[in-house]
Each structure stands twice: as structure tokens, then as C-alpha cells.
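**Student:** Before anything else, here's the structure in question.
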Amino acid sequence: MIVFQKPKSLTDVTLHYCPGCTHGIIHRLVAEAIDELGIQGKTIGVAPVGCAVRAYDYFDVDMAQAAHGRAPAVATGIKRADPSKIVFTYQGDGDLAAIGTAETVHSAARRENITVIFVNNAIYGMTGGQMAPTTLPGQITQTSPYGRDVAAVGYPMKVCELLQNVDGAAYLERVAVNNVKNVKAAKKAILKAFKNQVDGVGFSLIEVVSTCPTNWGLSPVKALGWLEENMLPYYPLGVYKDITAKEESK
């Protein structure tokens with residue numbers, strides 16, 4: 001009996017991520033959802049610009065590469081060109097919540113039937129640890145050496161809370177992958193986001209609160225603790241919108 005194995009929707013390519021980075025966990029959860037729904041052969045992913053730019057090497061599905069922040073727009077084009085495909089984007093906070101804010105908001109407003117996986121680690125990872133739209137107040141980064149000053153640069157972007165007020169958004173949930181309990185909840189949310197697309201429900205976004213040990217300057221273990229103590233109070237986990245909830249409760 002097989003108890004545990006690599007998802008079929010992941011390739012055998014070794015991940016390039018730093019030790020302790022949780023992108024690998026999130027990749028696995030996405031691949032497991034694709035496998036469980038039996039949609040590998042008709043799934044198309046859109047890779048971002050950022051640490052996950054090489055997602056096209058890791059997912060064993062058709063992939064497209066988008067310009068920085070444009071993944072939802074590219075996904076929209078693919079989905080409208082062939083609605084039978086299951087299309088997802090995989091994006092970090094700099095990609096989705098900075099240069100790609102408009103693409104994200106308007107894709108949700110149009111209720112595009114796509115799935116967005118949004119990884120929030122509160123920092124720009126690939127480019128060396130600059131302050132991101134999601135960097136916490138007071139958080140030290142390469143471009144905020146004295147901590148994020150909200151009086152000068154504003155407050156962090158809370159994506160689920162922002163999209164919650166967009167009528168076209170169908171399903172929004174914030175999850176984390178810092179412990180077994182949260183990984184299981186994240187798996188359930190990602191599976192639902194893909195199932196929503198299969199069922200034609202509309203725009204689904206899963207925000208995954210993640211770690212960046214290298215740019216946080218912490219060990220992998222301490223980074224998990226920092227996430228628990230600092231990020232989760234500011235970015236509360238939970239379902240922020242689910243238009244199917246009333247139907248499921250009947």
C-alpha cells in the first residue's frame with residue numbers, strides 16, 4: 001500500500017528555493033489538488049516574476065511565463081481562448097500586490113474563472129530582500145533598515161480584505177503552511193479553489209502566508225516562529241469570501 005508519494009503533477013527537477021523556504025510545500029499542495037481532481041492534462045499554469053519564476057520547471061503541466069505582475073491578465077487570455085482549460089497563476093507579493101495590483105483587482109471584478117495562488121512572505125525575495133507591499137509595520141528590510149515607517153510609505157496591503165469588497169470575487173481564503181494543522185487547511189483551500197474553477201464558480205484566490213528565512217535573516221525554524229508571532233496577527237487566517245457557502249449549507 002502506498003502511503004506517501006510525489007504528486008504526478010510535479011516534475012523530478014530539484015527545487016532551487018533556499019533552505020526553509022515554504023514555496024516547496026505550496027507547490028506540492030497545488031500539485032496534489034491537480035492530481036486529485038484529475039485535471040493534469042488540461043491544466044495551464046502561469047509563472048510570475050520573482051522567486052517562483054521557475055515554476056514552469058516544477059509543475060508537470062503546460063505553463064506560460066508572464067511579465068512582472070501580469071499573470072492574471074495572461075491567465076484571463078488563456079481561459080477565454082479555451083474555457084475548457086483549468087488555468088492558475090502562482091505569484092508572490094511583489095508580483096501580485098505591487099506591480100500587478102490592477103490585474104488582480106480587475107480579474108476579480110470581472111469574475112474571471114481562474115485560480116490564483118498568492119504567496120505572501122512580507123518581502124521581495126528574489127531581488128535581495130527589499131520592502132514589499134506586504135512588509136509589516138516596523139519590519140526591517142534592505143530598503144527599510146530602521147523598519148517600515150507607515151507615516152512615510154503607508155500600510156501593508158491586505159489582499160484578501162481588499163478583494164473582499166470586490167463583487168466579482170467568488171472565493172477568498174488566507175492560509176499558512178507553518179505547521180501540520182495549517183498545511184492541511186491550506187491543502188483543503190487550494191483544492192476548493194481549483195474545484196471552483198472546474199464548477200465554473202469564478203475567481204478564486206488563496207493567499208498563503210509564507211516564510212523567507214534568507215531575507216528575514218533567520219534560521220528556517222526561527223522563521224516559522226517569526227511568522228506565527230508577527231505575520232498571523234496582522235494577516236489573520238480564514239475565509240474572507242465564499243459565494244458557495246450558502247449553497248453548501250442547504
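In the C-alpha cells, chains take letters A, B, ... by order of appearance, with residues numbered from 1 within each chain and ligands from 1 in the order shown.
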Write out as a tab-separated table (two decimals) with N, CA and C atoms, in the first residue's frame each polymer residue whose atoms come within 9 Å of A:Arg174, counting only C-alpha atoms; drop sequence neighbours fewer than 4 positions from it.

**Tutor:**
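The resulting selection-v3.tsv:
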```tsv
chain	number	residue	atom	x	y	z
A	160	CYS	N	-6.64	39.87	0.75
A	160	CYS	CA	-7.96	39.25	0.94
A	160	CYS	C	-8.99	40.27	1.38
A	186	ALA	N	-4.52	24.52	4.35
A	186	ALA	CA	-4.12	25.12	3.08
A	186	ALA	C	-4.44	24.17	1.92
A	189	ALA	N	-8.11	24.37	1.13
A	189	ALA	CA	-8.47	25.63	0.46
A	189	ALA	C	-8.04	25.63	-1.00
A	205	LEU	N	-9.05	33.11	-5.07
A	205	LEU	CA	-7.68	33.45	-4.68
A	205	LEU	C	-7.38	32.87	-3.31
A	206	ILE	N	-6.28	32.15	-3.23
A	206	ILE	CA	-5.80	31.63	-1.95
A	206	ILE	C	-4.52	32.34	-1.60
A	207	GLU	N	-4.53	33.08	-0.50
A	207	GLU	CA	-3.33	33.75	-0.01
A	207	GLU	C	-2.65	32.83	1.00
A	208	VAL	N	-1.39	32.52	0.74
A	208	VAL	CA	-0.63	31.63	1.62
A	208	VAL	C	0.45	32.43	2.34
A	209	VAL	N	0.30	32.57	3.65
A	209	VAL	CA	1.31	33.26	4.46
A	209	VAL	C	2.51	32.34	4.57
A	235	TYR	N	-2.07	39.34	9.55
A	235	TYR	CA	-2.78	38.70	8.43
A	235	TYR	C	-3.56	37.50	8.95
A	236	PRO	N	-4.72	37.73	9.56
A	236	PRO	CA	-5.49	36.63	10.17
A	236	PRO	C	-5.92	35.59	9.12
A	237	LEU	N	-5.81	34.33	9.50
A	237	LEU	CA	-6.21	33.26	8.61
A	237	LEU	C	-7.73	33.13	8.59
A	238	GLY	N	-8.24	32.58	7.50
A	238	GLY	CA	-9.67	32.32	7.43
A	238	GLY	C	-10.25	32.59	6.06
A	239	VAL	N	-11.54	32.28	5.92
A	239	VAL	CA	-12.27	32.53	4.68
A	239	VAL	C	-12.78	33.96	4.70
A	240	TYR	N	-12.44	34.72	3.68
A	240	TYR	CA	-12.86	36.11	3.60
A	240	TYR	C	-14.07	36.30	2.69
```

**Student:** Determine which residues of stretch 60-103 of chain A receive a DSSP assignment of alpha helix (DSSP H), computed from the backbone, and state them as a list in words.

**Tutor:**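 Filtering stretch 60-103 of chain A down to alpha helix (DSSP H) leaves Ala71, Pro72, Ala73, Val74, Ala75, Thr76, Gly77, Ile78, Lys79, Arg80, Ala81, Asp93, Gly94, Thr101, Ala102 and Glu103 of chain A.
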
**Student:** Can I get the selection written as a JSON list (two decimals), in the first residue's frame, with N, CA and C atoms?

**Tutor:**
```json
[["chain", "number", "residue", "atom", "x", "y", "z"],
["A", 71, "ALA", "N", 0.35, 38.14, -14.56],
["A", 71, "ALA", "CA", -0.14, 36.76, -14.61],
["A", 71, "ALA", "C", -1.67, 36.66, -14.68],
["A", 72, "PRO", "N", -2.44, 37.42, -13.90],
["A", 72, "PRO", "CA", -3.90, 37.32, -14.03],
["A", 72, "PRO", "C", -4.41, 37.72, -15.41],
["A", 73, "ALA", "N", -3.76, 38.70, -16.05],
["A", 73, "ALA", "CA", -4.16, 39.11, -17.39],
["A", 73, "ALA", "C", -3.85, 38.01, -18.40],
["A", 74, "VAL", "N", -2.67, 37.39, -18.26],
["A", 74, "VAL", "CA", -2.30, 36.28, -19.15],
["A", 74, "VAL", "C", -3.25, 35.11, -18.93],
["A", 75, "ALA", "N", -3.54, 34.81, -17.66],
["A", 75, "ALA", "CA", -4.46, 33.72, -17.35],
["A", 75, "ALA", "C", -5.84, 33.98, -17.93],
["A", 76, "THR", "N", -6.28, 35.22, -17.87],
["A", 76, "THR", "CA", -7.57, 35.60, -18.44],
["A", 76, "THR", "C", -7.60, 35.31, -19.93],
["A", 77, "GLY", "N", -6.54, 35.69, -20.63],
["A", 77, "GLY", "CA", -6.48, 35.45, -22.07],
["A", 77, "GLY", "C", -6.52, 33.98, -22.41],
["A", 78, "ILE", "N", -5.77, 33.17, -21.66],
["A", 78, "ILE", "CA", -5.75, 31.72, -21.90],
["A", 78, "ILE", "C", -7.12, 31.12, -21.65],
["A", 79, "LYS", "N", -7.73, 31.49, -20.53],
["A", 79, "LYS", "CA", -9.03, 30.92, -20.16],
["A", 79, "LYS", "C", -10.11, 31.31, -21.15],
["A", 80, "ARG", "N", -10.09, 32.56, -21.60],
["A", 80, "ARG", "CA", -11.12, 33.00, -22.55],
["A", 80, "ARG", "C", -10.90, 32.38, -23.93],
["A", 81, "ALA", "N", -9.63, 32.13, -24.28],
["A", 81, "ALA", "CA", -9.34, 31.50, -25.56],
["A", 81, "ALA", "C", -9.79, 30.04, -25.58],
["A", 93, "ASP", "N", 4.17, 38.29, -3.42],
["A", 93, "ASP", "CA", 3.55, 39.56, -3.03],
["A", 93, "ASP", "C", 4.04, 40.74, -3.87],
["A", 94, "GLY", "N", 5.31, 40.74, -4.24],
["A", 94, "GLY", "CA", 5.79, 41.83, -5.09],
["A", 94, "GLY", "C", 5.16, 41.78, -6.47],
["A", 101, "THR", "N", -1.18, 44.82, -9.00],
["A", 101, "THR", "CA", -2.41, 45.09, -8.26],
["A", 101, "THR", "C", -3.61, 45.26, -9.18],
["A", 102, "ALA", "N", -3.48, 46.05, -10.22],
["A", 102, "ALA", "CA", -4.60, 46.32, -11.12],
["A", 102, "ALA", "C", -5.09, 45.04, -11.80],
["A", 103, "GLU", "N", -4.12, 44.23, -12.28],
["A", 103, "GLU", "CA", -4.52, 42.98, -12.95],
["A", 103, "GLU", "C", -5.30, 42.08, -12.01]]
```

**Student:** Sorted by chain and rising residue number, which residues of stretch 36-82 of chain A lie within 12 Å of stretch 20-23 of chain A, and what are their closest atom pairs and distances in Å to one decimal, counting only C-alpha atoms, as JSON lines?

**Tutor:**
```
{"residue": "A:Gly50", "atom": "CA", "partner": "A:His23", "partner_atom": "CA", "distance": 11.6}
{"residue": "A:Cys51", "atom": "CA", "partner": "A:His23", "partner_atom": "CA", "distance": 8.7}
{"residue": "A:Ala52", "atom": "CA", "partner": "A:His23", "partner_atom": "CA", "distance": 7.7}
{"residue": "A:Val53", "atom": "CA", "partner": "A:His23", "partner_atom": "CA", "distance": 11.4}
{"residue": "A:Arg54", "atom": "CA", "partner": "A:His23", "partner_atom": "CA", "distance": 11.4}
{"residue": "A:Ala55", "atom": "CA", "partner": "A:His23", "partner_atom": "CA", "distance": 9.9}
{"residue": "A:Tyr58", "atom": "CA", "partner": "A:His23", "partner_atom": "CA", "distance": 11.1}
```

**Student:** Save the residues we just selected, N, CA and C atoms, as a tab-separated table (two decimals), in the first residue's frame?

**Tutor:**
```tsv
chain	number	residue	atom	x	y	z
A	50	GLY	N	9.74	36.59	-10.00
A	50	GLY	CA	10.02	36.53	-8.57
A	50	GLY	C	10.68	35.20	-8.25
A	51	CYS	N	10.69	34.83	-6.98
A	51	CYS	CA	11.33	33.58	-6.58
A	51	CYS	C	10.73	32.38	-7.30
A	52	ALA	N	9.45	32.44	-7.63
A	52	ALA	CA	8.76	31.31	-8.26
A	52	ALA	C	8.77	31.39	-9.78
A	53	VAL	N	9.68	32.20	-10.33
A	53	VAL	CA	9.73	32.36	-11.78
A	53	VAL	C	9.97	31.04	-12.50
A	54	ARG	N	10.65	30.11	-11.84
A	54	ARG	CA	10.94	28.83	-12.47
A	54	ARG	C	9.87	27.77	-12.18
A	55	ALA	N	8.70	28.21	-11.82
A	55	ALA	CA	7.60	27.26	-11.58
A	55	ALA	C	7.34	26.39	-12.80
A	58	TYR	N	8.86	23.06	-12.52
A	58	TYR	CA	8.46	22.19	-11.42
A	58	TYR	C	7.08	21.57	-11.57
```

**Student:** With a cut-off of 10 Å, could you pull out the residues of stretch 77-179 of chain A touching stretch 218-228 of chain A and give me the nearest pair of atoms for each, distance in Å to one decimal, using only C-alpha atoms, ordered by chain and ascending number, as a tab-separated table?

**Tutor:**
```
residue	atom	partner	partner_atom	distance
A:Asn121	CA	A:Leu227	CA	8.7
A:Ala122	CA	A:Leu227	CA	9.7
A:Ala176	CA	A:Leu227	CA	9.1
A:Val177	CA	A:Leu224	CA	9.0
A:Asn178	CA	A:Leu224	CA	5.7
A:Asn179	CA	A:Leu224	CA	8.3
```

**Student:** Got time to write the residues from that selection, C-alpha atoms, as an mmCIF file, in the first residue's frame?

**Tutor:**
```
data_model
loop_
_atom_site.group_PDB
_atom_site.id
_atom_site.type_symbol
_atom_site.label_atom_id
_atom_site.label_comp_id
_atom_site.auth_asym_id
_atom_site.auth_seq_id
_atom_site.Cartn_x
_atom_site.Cartn_y
_atom_site.Cartn_z
ATOM 1 C CA ASN A 121 6.179 36.319 2.728
ATOM 2 C CA ALA A 122 6.234 40.059 3.505
ATOM 3 C CA ALA A 176 -0.470 29.340 6.135
ATOM 4 C CA VAL A 177 1.970 26.434 5.886
ATOM 5 C CA ASN A 178 3.938 26.826 9.124
ATOM 6 C CA ASN A 179 2.670 23.685 10.853
#
```

**Student:** Closest to A:Tyr90 among A:Val153, A:Ala64, A:Leu162, A:Ile2, using only C-alpha atoms?

**Tutor:**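 With only C-alpha atoms as the atom set, the closest residue is A:Ala64.
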
**Student:** Give me the residues near A:Arg110 as an MDAnalysis selection string, where near means some atom within 10 Å (using only C-alpha atoms) and where sequence neighbours in that chain fewer than 2 positions away do not count.

**Tutor:** chainID A and resid 76 105:108 112:113 166:169 202:203

**Student:** Please provide the set of residues having any atom within 12 Å of A:Gly125, restricted to only C-alpha atoms, with same-chain residues fewer than 4 positions apart removed, written as a PDB file with C-alpha atoms, in the first residue's frame.

**Tutor:**
```
ATOM      1  CA  TYR A  17      14.488  27.555  -3.311  1.00  0.00           C
ATOM      2  CA  CYS A  18      16.508  28.451  -0.204  1.00  0.00           C
ATOM      3  CA  CYS A  21      11.511  28.337   2.093  1.00  0.00           C
ATOM      4  CA  HIS A  23       7.396  27.518  -1.687  1.00  0.00           C
ATOM      5  CA  VAL A  49       8.455  37.149 -11.964  1.00  0.00           C
ATOM      6  CA  GLY A  50      10.019  36.527  -8.572  1.00  0.00           C
ATOM      7  CA  CYS A  51      11.329  33.584  -6.581  1.00  0.00           C
ATOM      8  CA  ALA A  52       8.762  31.307  -8.260  1.00  0.00           C
ATOM      9  CA  VAL A  53       9.725  32.363 -11.782  1.00  0.00           C
ATOM     10  CA  GLN A  91       2.511  34.699  -7.628  1.00  0.00           C
ATOM     11  CA  GLY A  92       4.443  36.352  -4.845  1.00  0.00           C
ATOM     12  CA  ASP A  93       3.546  39.557  -3.033  1.00  0.00           C
ATOM     13  CA  GLY A  94       5.787  41.827  -5.094  1.00  0.00           C
ATOM     14  CA  ASP A  95       4.353  40.389  -8.293  1.00  0.00           C
ATOM     15  CA  VAL A 119       2.344  33.641  -1.671  1.00  0.00           C
ATOM     16  CA  ASN A 120       2.793  36.341   0.983  1.00  0.00           C
ATOM     17  CA  ASN A 121       6.179  36.319   2.728  1.00  0.00           C
ATOM     18  CA  GLY A 129      15.095  41.484   0.477  1.00  0.00           C
ATOM     19  CA  GLN A 130      13.597  44.901  -0.248  1.00  0.00           C
ATOM     20  CA  MET A 131      10.405  46.142   1.405  1.00  0.00           C
ATOM     21  CA  ALA A 132       7.304  44.697  -0.251  1.00  0.00           C
ATOM     22  CA  THR A 135       6.047  44.143   4.686  1.00  0.00           C
ATOM     23  CA  THR A 141      14.331  45.070   5.177  1.00  0.00           C
ATOM     24  CA  GLN A 142      17.133  46.137   2.852  1.00  0.00           C
ATOM     25  CA  SER A 210       4.837  32.009   3.938  1.00  0.00           C
ATOM     26  CA  THR A 211       8.410  32.381   5.189  1.00  0.00           C
ATOM     27  CA  CYS A 212      11.601  33.808   3.714  1.00  0.00           C
ATOM     28  CA  PRO A 213      14.366  32.717   6.117  1.00  0.00           C
ATOM     29  CA  THR A 214      17.186  34.072   3.934  1.00  0.00           C
ATOM     30  CA  ASN A 215      15.898  37.630   3.615  1.00  0.00           C
ATOM     31  CA  TRP A 216      14.432  37.693   7.103  1.00  0.00           C
ATOM     32  CA  GLY A 217      17.904  36.775   8.383  1.00  0.00           C
TER      33      GLY A 217
END
```

**Student:** Counting only C-alpha atoms, what is within 10 Å of A:Gly41, bar same-chain residues fewer than 4 positions away, as a count of residues only?

**Tutor:** 8

**Student:** To test your reading of the structure, identify every residue in stretch 21-189 of chain A that backbone DSSP assigns to strand (DSSP E), and report it as an MDAnalysis selection string.

**Tutor:** chainID A and resid 43:47 62:65 86:92 115:120 171:176

**Student:** Grab the residues selected above and save them as an mmCIF file, in the first residue's frame with N, CA and C atoms.

**Tutor:**
```
data_model
loop_
_atom_site.group_PDB
_atom_site.id
_atom_site.type_symbol
_atom_site.label_atom_id
_atom_site.label_comp_id
_atom_site.auth_asym_id
_atom_site.auth_seq_id
_atom_site.Cartn_x
_atom_site.Cartn_y
_atom_site.Cartn_z
ATOM 1 N N THR A 43 -4.632 21.348 -17.480
ATOM 2 C CA THR A 43 -4.270 22.479 -16.633
ATOM 3 C C THR A 43 -3.137 23.282 -17.254
ATOM 4 N N ILE A 44 -3.251 24.609 -17.159
ATOM 5 C CA ILE A 44 -2.204 25.511 -17.624
ATOM 6 C C ILE A 44 -1.877 26.472 -16.483
ATOM 7 N N GLY A 45 -0.606 26.508 -16.100
ATOM 8 C CA GLY A 45 -0.172 27.419 -15.056
ATOM 9 C C GLY A 45 0.500 28.637 -15.650
ATOM 10 N N VAL A 46 0.465 29.749 -14.921
ATOM 11 C CA VAL A 46 1.135 30.977 -15.353
ATOM 12 C C VAL A 46 2.154 31.344 -14.288
ATOM 13 N N ALA A 47 3.431 31.336 -14.676
ATOM 14 C CA ALA A 47 4.521 31.631 -13.744
ATOM 15 C C ALA A 47 4.717 33.139 -13.616
ATOM 16 N N ASP A 62 1.189 22.188 -18.677
ATOM 17 C CA ASP A 62 1.556 23.264 -19.582
ATOM 18 C C ASP A 62 1.703 24.555 -18.778
ATOM 19 N N MET A 63 2.719 25.342 -19.100
ATOM 20 C CA MET A 63 2.981 26.578 -18.364
ATOM 21 C C MET A 63 3.223 27.728 -19.326
ATOM 22 N N ALA A 64 2.858 28.922 -18.891
ATOM 23 C CA ALA A 64 3.170 30.154 -19.612
ATOM 24 C C ALA A 64 3.942 31.064 -18.663
ATOM 25 N N GLN A 65 4.772 31.938 -19.215
ATOM 26 C CA GLN A 65 5.519 32.902 -18.410
ATOM 27 C C GLN A 65 4.946 34.290 -18.648
ATOM 28 N N ILE A 86 -8.095 24.471 -17.335
ATOM 29 C CA ILE A 86 -8.051 24.920 -15.942
ATOM 30 C C ILE A 86 -6.778 25.750 -15.803
ATOM 31 N N VAL A 87 -6.953 27.029 -15.504
ATOM 32 C CA VAL A 87 -5.833 27.967 -15.541
ATOM 33 C C VAL A 87 -5.576 28.541 -14.146
ATOM 34 N N PHE A 88 -4.310 28.481 -13.727
ATOM 35 C CA PHE A 88 -3.967 29.059 -12.428
ATOM 36 C C PHE A 88 -2.732 29.933 -12.536
ATOM 37 N N THR A 89 -2.642 30.919 -11.659
ATOM 38 C CA THR A 89 -1.430 31.725 -11.529
ATOM 39 C C THR A 89 -0.783 31.399 -10.195
ATOM 40 N N TYR A 90 0.530 31.534 -10.146
ATOM 41 C CA TYR A 90 1.286 31.311 -8.912
ATOM 42 C C TYR A 90 2.170 32.533 -8.738
ATOM 43 N N GLN A 91 1.879 33.378 -7.715
ATOM 44 C CA GLN A 91 2.511 34.699 -7.628
ATOM 45 C C GLN A 91 2.938 35.051 -6.211
ATOM 46 N N GLY A 92 4.017 35.815 -6.122
ATOM 47 C CA GLY A 92 4.443 36.352 -4.845
ATOM 48 C C GLY A 92 3.838 37.716 -4.587
ATOM 49 N N THR A 115 -7.896 30.521 -11.097
ATOM 50 C CA THR A 115 -7.462 30.257 -9.722
ATOM 51 C C THR A 115 -6.127 30.951 -9.491
ATOM 52 N N VAL A 116 -6.046 31.748 -8.436
ATOM 53 C CA VAL A 116 -4.830 32.495 -8.127
ATOM 54 C C VAL A 116 -4.241 31.993 -6.810
ATOM 55 N N ILE A 117 -2.984 31.560 -6.854
ATOM 56 C CA ILE A 117 -2.258 31.175 -5.654
ATOM 57 C C ILE A 117 -1.282 32.306 -5.335
ATOM 58 N N PHE A 118 -1.496 32.968 -4.214
ATOM 59 C CA PHE A 118 -0.753 34.172 -3.841
ATOM 60 C C PHE A 118 0.103 33.886 -2.607
ATOM 61 N N VAL A 119 1.416 33.946 -2.761
ATOM 62 C CA VAL A 119 2.344 33.641 -1.671
ATOM 63 C C VAL A 119 2.814 34.946 -1.030
ATOM 64 N N ASN A 120 2.490 35.121 0.237
ATOM 65 C CA ASN A 120 2.793 36.341 0.983
ATOM 66 C C ASN A 120 3.868 36.044 2.026
ATOM 67 N N TYR A 171 -14.276 33.450 -4.246
ATOM 68 C CA TYR A 171 -13.746 32.700 -3.097
ATOM 69 C C TYR A 171 -12.385 33.251 -2.726
ATOM 70 N N LEU A 172 -12.251 33.682 -1.476
ATOM 71 C CA LEU A 172 -11.001 34.230 -0.957
ATOM 72 C C LEU A 172 -10.712 33.587 0.392
ATOM 73 N N GLU A 173 -9.534 33.025 0.526
ATOM 74 C CA GLU A 173 -9.154 32.449 1.819
ATOM 75 C C GLU A 173 -7.675 32.671 2.060
ATOM 76 N N ARG A 174 -7.342 33.011 3.309
ATOM 77 C CA ARG A 174 -5.943 33.151 3.704
ATOM 78 C C ARG A 174 -5.555 31.957 4.570
ATOM 79 N N VAL A 175 -4.463 31.306 4.187
ATOM 80 C CA VAL A 175 -3.983 30.118 4.877
ATOM 81 C C VAL A 175 -2.491 30.307 5.175
ATOM 82 N N ALA A 176 -1.909 29.322 5.853
ATOM 83 C CA ALA A 176 -0.470 29.340 6.135
ATOM 84 C C ALA A 176 0.054 27.912 6.063
#
```

**Student:** Can you work out which one of A:Lys181, A:Lys195, A:Arg111, A:Lys187 has the shortest atom-to-atom distance to A:Leu29, counting only C-alpha atoms?

**Tutor:**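 Between A:Lys181, A:Lys195, A:Arg111, A:Lys187, the residue approaching A:Leu29 most closely is A:Lys187.
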
**Student:** Can you measure atom CA of A:His68 to atom CA of A:Pro48 for me? One decimal in Å is fine.

**Tutor:**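 According to the coordinates, atom CA of A:His68 and atom CA of A:Pro48 are separated by 6.3 Å.
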
**Student:** Would you work out the distance separating atom CA of A:Val180 from atom CA of A:Pro133, expressed in Å to one decimal?

**Tutor:**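 Rounded to one decimal, the two atoms are 27.6 Å apart.
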
**Student:** Work out how far atom CA of A:Val30 is from atom CA of A:Thr11, in Å to one decimal.

**Tutor:**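 A separation of 12.8 Å between them.
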
**Student:** Counting only C-alpha atoms, figure out which residue out of A:Ala185, A:Leu37, A:Ala97, A:Ala31 gets nearest to A:Thr134.

**Tutor:**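 Answer, going by the shortest atom-to-atom distance: A:Ala97.
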